[in-house]
Structure formats: C-alpha cells, structure tokens
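Novice: I am attaching a structure below and will ask some questions about it afterwards.
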Amino acid sequence: MKPGRNDPCPCGSGKKYKRCCISTAAKQHAEVFDEVEAMIGMNPDLTLDELNTALQHRMQERNNRPNREFCGLSPTQMANWLYAPFHDLQWVTVSTPDDLSSSPVMRYLALILDEAMQNEGTFKATSKGNLPAKLVKQASELLPEFAVSQFSGNISISEFAGSNEDKFNALHYTRVLAEIAGIIYRRSGQFRVKKAAHKQYQALGINVFFKPMLEAAVSKYNWGYLDSFEQDVDVRTFWLFMVWRLQCHSSVDRLTDEVITAFPDLLLAFSTEDYVSPEKNLNTLIETRFIGRFLQFWGFVTMDPRIFFAQERKPRNVQIQPLFTKTFHITIK
C-alpha cells in the first residue's frame with residue numbers, strides 16, 4: 001500500500017514520506033497543503049477570495065525560488081526547459097557556429113544534399129529505401145576528420161562508418177532527422193530535396209539547416225529508436241537540463257546523480273529485481289542516448305568508449321568540444 005504523506009518514509013530514513021522520497025511534484029503539493037492549513041489556522045476569518053489571492057502569491061513566490069533539487073533552477077525555469085517549444089526556451093541562446101565541419105551530422109547532411117544537387121534535387125534510393133552505397137562510402141571516409149576518430153576501432157562496431165546505411169548509425173540518424181526536419185523526403189524509390197530547402201541550401205549553405213535539424217533532434221526524434229532498451233524512459237525531455245549540467249562539470253556520473261535528484265520518479269521505470277540497479281540502468285541510458293547518440297553524433301563532445309567495458313569503475317567524463325560551447329550559451333542567475 002502506498003504510504004501517506006505523513007507516514008514514515010519506507011526508505012528507513014526516519015523522515016516523513018512527504019519530506020523524503022515522495023516525488024518532487026507531489027512534495028510541492030504537500031507543502032502547499034501544509035501552508036494552506038497553517039494560513040487558515042492563523043487567519044480563520046479569511047474569505048475564499050482572500051485565501052486564493054494569498055495562495056497565488058505564495059505559489060508565484062515558490063515557483064520563482066531557486067530549488068536545490070534542480071541545481072538552483074526555479075520550478076518556473078525548469079518548466080520552461082522541459083515543456084517550452086524549441087524557439088521559446090529561456091535562459092539559453094542556441095547559436096549556429098560559423099564552421100560546422102567538425103559535426104558528423106551536418107557533414108553527412110551536406111553529402112546528402114550535394115548528391116541531390118548533382119541530379120536536379122533527387123537521387124535513387126536502394127531497394128530497401130536506404131542511401132546509396134556511394135554516399136555511404138563518402139560518409140565513412142570523413143571519420144578521420146572528426147574528434148571521435150581517436151576512439152575509432154573496427155568498422156563493424158563503429159557508429160561513424162559502415163558498409164551500408166543499416167550498419168552506419170550516425171548516417172542513418174542524420175537521414176531520419178533530415179526527413180523529420182522537412183529537408184528531404186522519399187518518394188517512388190528516390191530521395192528528393194524539398195523545393196524550399198533546395199533554394200535555402202543554394203543561397204545560404206549548410207548552416208541554414210543547423211537549427212532545424214537540432215530542433216528535430218530534441219523535439220521530435222525518438223531517442224530510443226536505435227537501441228533495444230525495454231524501459232520506456234524519455235530522457236530527451238531533460239536534454240537542456242543535461243546540457244547545462246554537463247557544461248558545468250563534464251561528469252556523466254555526476255550528471256546522472258543530478259537527474260535522479262531532480263526527477264526521482266524516473267527510477268520507477270526500472271525493475272528493482274534486475275541484475276543491474278535502476279540507477280545504473282538510468283546511467284546507461286544517459287550514456288547511450290544523450291552522450292553517444294546525441295552529443296557525439298553532433299560533434300558536441302567525445303567520450304572514450306573503453307570506459308563502458310572497464311572492469312574497474314572509472315570516472316565517466318566527456319571531453320567538451322568547441323562546437324558545444326559555440327552552440328549553447330546558458331545564463332542562469
């Protein structure tokens with residue numbers, strides 16, 4: 001049976017449930033109820049209108065107050081980062097760097113568009129509906145130009161090279177994003193560049209698609225698409241919070257702890273009967289979906305893949321790349 005908010009917390013801390021492991025949102029609701037009780041107790045003659053006015057003031061004050069569990073963000077700031085449309089995000093400026101040559105995603109997109117430009121905006125797909133082998137080969141040959149090349153191993157396990165699109169995750173990811181962003185589409189066995197995108201590319205170059213592709217990645221793309229995790233945990237929702245925290249300290253382990261503190265209910269999606277703990281499962285999801293198949297695909301960070309398989313527990317840190325700091329400018333007061 002679920003404990004009541006005034007019951008002892010089942011974790012054994014000795015605290016009341018409302019002061020310990022209850023979810024952040026529920027905890028705030030509990031605190032508001034406590035304030036209402038105290039307010040009525042001290043002012044029993046308050047009218048309903050006066051009580052509502054006082055509560056609105058308290059809630060506004062609470063929502064704009066820095067929250068330790070959110071690493072100092074207020075609930076208002078966190079709500080904006082979680083739910084606002086890409087172009088309405090506050091306390092962050094997303095810029096398009098002048099030089100995108102270090103971004104695998106943008107270099108692959110340029111290859112796709114250049115291939116289409118040579119054939120009046122279209123080129124033939126394979127029988128499976130994938131990018132042609134010629135283009136896959138060209139994309140694979142770009143690997144030495146990217147920061148992740150320092151960790152490149154056998155092509156059969158590389159995410160940045162492959163013999164065909166099915167075996168080349170970063171390229172497939174780029175093609176899917178380009179379709180989601182409305183830059184290309186497939187029809188009658190051919191890939192086609194949309195007319196508006198065709199004109200934009202001719203006039204402004206690849207940089208014009210940086211923000212639309214990034215918006216597609218953080219707003220529309222399914223981050224679980226390329227993996228086989230059973231847990232339905234959408235870490236994409238917290239992408240900007242994680243970008244901010246990683247910019248502050250570069251530690252994946254610390255990032256995981258901060259996500260758990262801010263959003264403890266995430267752990268409920270993982271079975272406690274698994275061989276791996278819920279905390280470790282969430283850490284793996286963040287490493288795979290956020291670090292590996294978002295930040296690395298874009299060229300924002302690198303991370304030594306050997307730490308994934310190390311026998312001893314080693315610090316999990318990323319190397320922030322210049323493209324990261326040139327793209328995200330976060331100002332939290």
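Labeling convention for the structure tokens: chains A, B, ... as they appear, residues from 1 per chain, ligands from 1 in order of appearance.
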Determine, counting only C-alpha atoms, which protein, DNA and RNA residues have an atom within 7 Å of an atom of Ser140 of chain A; residues of the same chain fewer than 5 positions away are not included. Present the result as a tab-separated table (two decimals) with N, CA and C atoms, in the first residue's frame.
Specialist:
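Written output follows (result_4.tsv):
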```
chain	number	residue	atom	x	y	z
A	160	PHE	N	30.20	5.57	-36.75
A	160	PHE	CA	30.54	6.65	-37.67
A	160	PHE	C	31.12	6.13	-38.98
A	161	ALA	N	30.84	4.89	-39.31
A	161	ALA	CA	31.26	4.30	-40.58
A	161	ALA	C	30.46	3.02	-40.77
A	162	GLY	N	30.41	2.54	-42.00
A	162	GLY	CA	29.68	1.31	-42.27
A	162	GLY	C	29.66	0.99	-43.74
```
Novice: Give me, as a PyMOL selection string, the residues of segment 184-214 of chain A that a backbone DSSP run labels strand (DSSP E).
Specialist: chain A and resi 184-187+190-193
Novice: Which one of A:Thr93, A:Gln118, A:Thr327, A:Asn43 sits closest to His198 of chain A if you count only C-alpha atoms?
Specialist: A:Gln118
Novice: Ranking A:Phe241, A:Phe324, A:Phe294, A:Phe123 by minimum distance to Ala217 of chain A and counting only C-alpha atoms, which one comes first?
Specialist: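 So, comparing all the options, the nearest one is A:Phe294.
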Novice: Give me, as a ChimeraX atom specification, all polymer residues having an atom no more than 8 Å from Ser95 of chain A, counting only C-alpha atoms and skipping those fewer than 3 positions away in the same chain.
Specialist: /A:326-329
Novice: Limited to C-alpha atoms, could you put the picked residues into a file as a PDB file, in the first residue's frame?
Specialist:
```
ATOM      1  CA  LYS A 326      29.776  27.847 -29.562  1.00  0.00           C
ATOM      2  CA  THR A 327      26.237  26.463 -29.809  1.00  0.00           C
ATOM      3  CA  PHE A 328      24.843  26.657 -26.276  1.00  0.00           C
ATOM      4  CA  HIS A 329      25.091  29.884 -24.273  1.00  0.00           C
TER       5      HIS A 329
END
```
Novice: So which residues touch Ser251 of chain A within 10 Å, counting only C-alpha atoms, skipping near sequence neighbours fewer than 6 positions away, as a list of chain:residue names?
Specialist: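 Contacts, in chain order: A:Arg245, A:Pro315, A:Arg316, A:Asn317, A:Val318, A:Gln319.
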Novice: A:Lys194, A:Lys314, A:Arg236, A:Arg175: which is nearest Val105 of chain A, counting only C-alpha atoms?
Specialist: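 Using only C-alpha atoms, Val105 of chain A sits closest to A:Arg175.
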Novice: Give the alpha helix (DSSP H) residues of segment 174-244 of chain A, as assigned by DSSP on the backbone, as a ChimeraX atom specification.
Specialist: /A:174-180,195-204,210-219,239-244
Novice: Kindly indicate which residue among A:Gln296, A:Asn80, A:Gln56, A:Gln231 lies nearest to Phe270 of chain A, using only C-alpha atoms for the distances.
Specialist: A:Gln231
Novice: Using only C-alpha atoms, which residue out of A:Gln200, A:Ala269, A:Tyr185, A:Glu69 lies closest to Asp257 of chain A?
Specialist: A:Glu69
Novice: Which of these residues is nearest to Glu115 of chain A, using only C-alpha atoms: A:Thr302, A:Gln190, A:Ser228, A:Asn222?
Specialist: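 The shortest atom-to-atom distance to Glu115 of chain A comes from A:Gln190.
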